Amino acid sequence: MITTDILIIGAGPTGLFTVFEAGLLQLKCHLIDSLPIPGGQCAEIYPKKPIYDIPSHPEILAGDLVEKLLQQIEPFQPGYTLGEVATTLEKTKDNHYIVTTDKGTQHCAPIIAIAGGLGSFEPRKPPIEHLDFYENKGVEYMIKDPEKFRNQNVVLAGGGDSALDWTLFLEGVASSVTLLHRRNEFRGALDSVEKVQHLKNQGRIQLLTPAEVIRIEGSDKLESLVINHNGEEIKRSCDAFIPLFGLTPKLGPIADWGLDIEKNAIKVDNSLDYQTNLPGVYAIGDVNTYPGKLKLILCGFHEATLMCQSAFQRLYPDKKNVLKYTTIIGVKGFDGSHKQAQKATIKSIE
Amino acid sequence: MSKDITIQVIDRNGVSHNVIVPTDMELNLMEICKASNLPVEGICGGMALCASCQCYIESAHKLPVKSDDEEAMLAEAFYVKENSRLACQIQLQPNLAGLVVRLAPEG
């Protein structure tokens, strides 16, 4: 069991900055994120896009912002559980919370800060009837172990990099690979498009465009796909169907934690401290909602700051917390580091 | 001096809504739909990353050309038709007065 003072769900900019503000109050943090790297959307979706409304940065790339935040919080040595989705929240007898991930990792903390942004990123599922019935019975949205497809007849669908890359990879593993896409053109790295073209020319893979799976058949597992290929219905027997249409954010399991939810966002008390309807559970950044809410990184930073003050009071009701400026006290890391403004030296003139 | 235009948005139940749009605020179609309480999610905030604001253009207005990002998203989204656009990529200018759009199914 991982224990900490503040358990942060979501390692995007707001979650990361929370570590800093908590650290100033000598509170330790641990972050959980469904993505394998910290940074949230900034790192996963638009690392190369510039952001223009971060105070004091006339322009900063989203990826660089994440890098700087990681540097800033380094002295506070946060823990990370990455590539795992926080699935359940339970309250203990002593008013702590236990959060368990989809991989079974357990975390315990008196304070939970949900900084989940748009939610966790899940594969986008095509609108095919009974698709969910065939999930894990031939239909896979992610390739965790390519060996699973050895000597199988595999059909992939999609027109982006992941569809192209997996087609290239599985060609050497599966007994047959068919790639289908709704459009004639593929959008991926030029190199992969050319390699796929080459495999097609050599007859080593089948490419169907414009094509879409319209029906799945099979009594208790996937047996064949009915495909609309250029207006004509064709049937293709196969062992596996892998739709690769990118990721889409979903609030996910958090929606079932008993929190007040409005329009896919968590309602919080913005007049005070961004606490949810569950005492000790806060929601900050894009994941929360309140009158006048703006989904901006800079607002997330502000919310994180106020939230940490409230968390401190909750943890230490008897301690008087006085706001201290970093310019005066510096930053004392948990790693023993102490950054501080240089003292002015006074020298008298003789 | 009025800079407002009126557009028509048909929701997923087929109900048509006349929406008055100020054209001096650089609003896009997704933003005005959200501001008018129409069921458009716009989860990604207008970066052409989620397709939750997909709509079908049902009038013959000349629209801004699709960016690469929008093309890429529409290549992955579902229920895409010839006249599909992402509402977040359509800036509402005075020349779009009378625009008719239908919201695409949620995917």
# chains A, B, ... in the order shown; residues from 1 in each chain; ligands from 1

call {"tool": "residues_around", "arguments": {"residues": "region 233-241 of chain A", "least_positions_apart": "3", "cutoff": "7 Å", "atoms": "only C-alpha atoms", "output": "JSON, numbers by chain"}}
result
{"A": [138, 139, 140, 152, 153, 154, 155, 156, 222, 223, 224, 225, 226, 227, 228, 229]}

call {"tool": "write_last_selection", "arguments": {"atoms": "N, CA and C atoms", "output": "compact mmCIF listing (two decimals), in the first residue's frame"}}
result
# COMPACT_ATOMS: atom_id res chain seq x y z
N GLY A 138 -11.98 -11.67 -29.49
CA GLY A 138 -11.57 -11.44 -30.88
C GLY A 138 -11.42 -9.96 -31.18
N VAL A 139 -12.15 -9.12 -30.43
CA VAL A 139 -12.03 -7.68 -30.66
C VAL A 139 -11.11 -7.08 -29.59
N GLU A 140 -10.06 -6.39 -30.05
CA GLU A 140 -9.10 -5.76 -29.13
C GLU A 140 -8.90 -4.32 -29.57
N GLN A 152 -2.53 -15.95 -36.51
CA GLN A 152 -3.96 -15.63 -36.60
C GLN A 152 -4.23 -14.80 -37.85
N ASN A 153 -5.49 -14.81 -38.26
CA ASN A 153 -5.90 -13.92 -39.34
C ASN A 153 -6.44 -12.65 -38.69
N VAL A 154 -5.73 -11.54 -38.94
CA VAL A 154 -6.02 -10.30 -38.23
C VAL A 154 -6.54 -9.23 -39.19
N VAL A 155 -7.59 -8.52 -38.75
CA VAL A 155 -8.08 -7.37 -39.51
C VAL A 155 -7.89 -6.13 -38.64
N LEU A 156 -7.21 -5.12 -39.19
CA LEU A 156 -7.06 -3.85 -38.48
C LEU A 156 -7.88 -2.79 -39.19
N LEU A 222 -15.68 -13.85 -32.05
CA LEU A 222 -15.58 -13.30 -33.40
C LEU A 222 -15.21 -14.41 -34.40
N GLU A 223 -16.03 -14.55 -35.45
CA GLU A 223 -15.69 -15.53 -36.49
C GLU A 223 -15.48 -14.84 -37.82
N SER A 224 -16.33 -13.85 -38.11
CA SER A 224 -16.15 -13.14 -39.38
C SER A 224 -16.67 -11.71 -39.29
N LEU A 225 -16.20 -10.90 -40.21
CA LEU A 225 -16.62 -9.51 -40.27
C LEU A 225 -17.34 -9.27 -41.58
N VAL A 226 -18.41 -8.49 -41.52
CA VAL A 226 -19.05 -8.06 -42.76
C VAL A 226 -18.57 -6.64 -43.01
N ILE A 227 -17.98 -6.46 -44.18
CA ILE A 227 -17.31 -5.20 -44.51
C ILE A 227 -17.97 -4.54 -45.71
N ASN A 228 -18.20 -3.26 -45.58
CA ASN A 228 -18.64 -2.50 -46.75
C ASN A 228 -17.39 -1.99 -47.45
N HIS A 229 -17.09 -2.61 -48.58
CA HIS A 229 -15.89 -2.21 -49.33
C HIS A 229 -16.32 -1.55 -50.62

call {"tool": "interface_residues", "arguments": {"of": "chain B", "to": "chain A", "cutoff": "10 Å", "atoms": "only C-alpha atoms", "output": "number ranges by chain"}}
result
B: 39, 41, 43-45, 47, 49-52, 68, 71-73, 75-80, 107

call {"tool": "select_by_dssp", "arguments": {"residues": "region 159-349 of chain A", "states": "helix (DSSP H, G or I)", "output": "PyMOL selection string"}}
result
chain A and resi 161-171+190-201+252-256+285-287+297-315+326-329

call {"tool": "select_by_dssp", "arguments": {"residues": "region 22-187 of chain A", "states": "strand (DSSP E)", "output": "PyMOL selection string"}}
result
chain A and resi 29-33+50-51+60-61+79-82+86-91+97-101+106-109+111-114+120-123+153-157+176-180

call {"tool": "residues_around", "arguments": {"residues": "region 4-8 of chain B", "least_positions_apart": "3", "cutoff": "7 Å", "atoms": "only C-alpha atoms", "output": "PDB file with C-alpha atoms, in the first residue's frame"}}
result
ATOM      1  CA  SER B  16     -34.481  23.342 -34.926  1.00  0.00           C
ATOM      2  CA  HIS B  17     -33.104  26.262 -32.907  1.00  0.00           C
ATOM      3  CA  ASN B  18     -32.534  29.779 -34.186  1.00  0.00           C
ATOM      4  CA  VAL B  19     -29.378  31.041 -32.581  1.00  0.00           C
ATOM      5  CA  ILE B  20     -28.373  34.689 -32.586  1.00  0.00           C
ATOM      6  CA  VAL B  21     -24.631  35.082 -32.902  1.00  0.00           C
ATOM      7  CA  PRO B  22     -22.572  38.222 -32.332  1.00  0.00           C
ATOM      8  CA  THR B  23     -19.886  38.271 -35.018  1.00  0.00           C
ATOM      9  CA  PRO B  94     -21.090  37.840 -41.061  1.00  0.00           C
ATOM     10  CA  ALA B  97     -25.810  34.437 -41.691  1.00  0.00           C
ATOM     11  CA  GLY B  98     -28.509  31.832 -42.288  1.00  0.00           C
ATOM     12  CA  LEU B  99     -26.126  28.875 -41.838  1.00  0.00           C
ATOM     13  CA  VAL B 100     -27.963  25.584 -41.215  1.00  0.00           C
ATOM     14  CA  VAL B 101     -26.194  22.843 -39.263  1.00  0.00           C
TER      15      VAL B 101
END

call {"tool": "residues_around", "arguments": {"residues": "Gly42 (chain B)", "least_positions_apart": "6", "cutoff": "10 Å", "atoms": "only C-alpha atoms", "output": "PyMOL selection string"}}
result
chain B and resi 30-31+33-34+48-54+86-88

call {"tool": "residues_around", "arguments": {"residues": "Ile128 (chain A)", "least_positions_apart": "4", "cutoff": "8 Å", "atoms": "only C-alpha atoms", "output": "PDB file with C-alpha atoms, in the first residue's frame"}}
result
ATOM      1  CA  VAL A 213     -16.780  -2.974 -40.807  1.00  0.00           C
ATOM      2  CA  ILE A 214     -20.547  -2.926 -40.573  1.00  0.00           C
ATOM      3  CA  ARG A 215     -21.258  -6.144 -38.693  1.00  0.00           C
ATOM      4  CA  ILE A 216     -19.521  -8.741 -36.558  1.00  0.00           C
TER       5      ILE A 216
END

call {"tool": "closest_residue", "arguments": {"among": "A:Thr14, A:Lys93, A:Thr276, A:Tyr290", "to": "Leu69 (chain A)", "atoms": "only C-alpha atoms"}}
result
A:Thr14
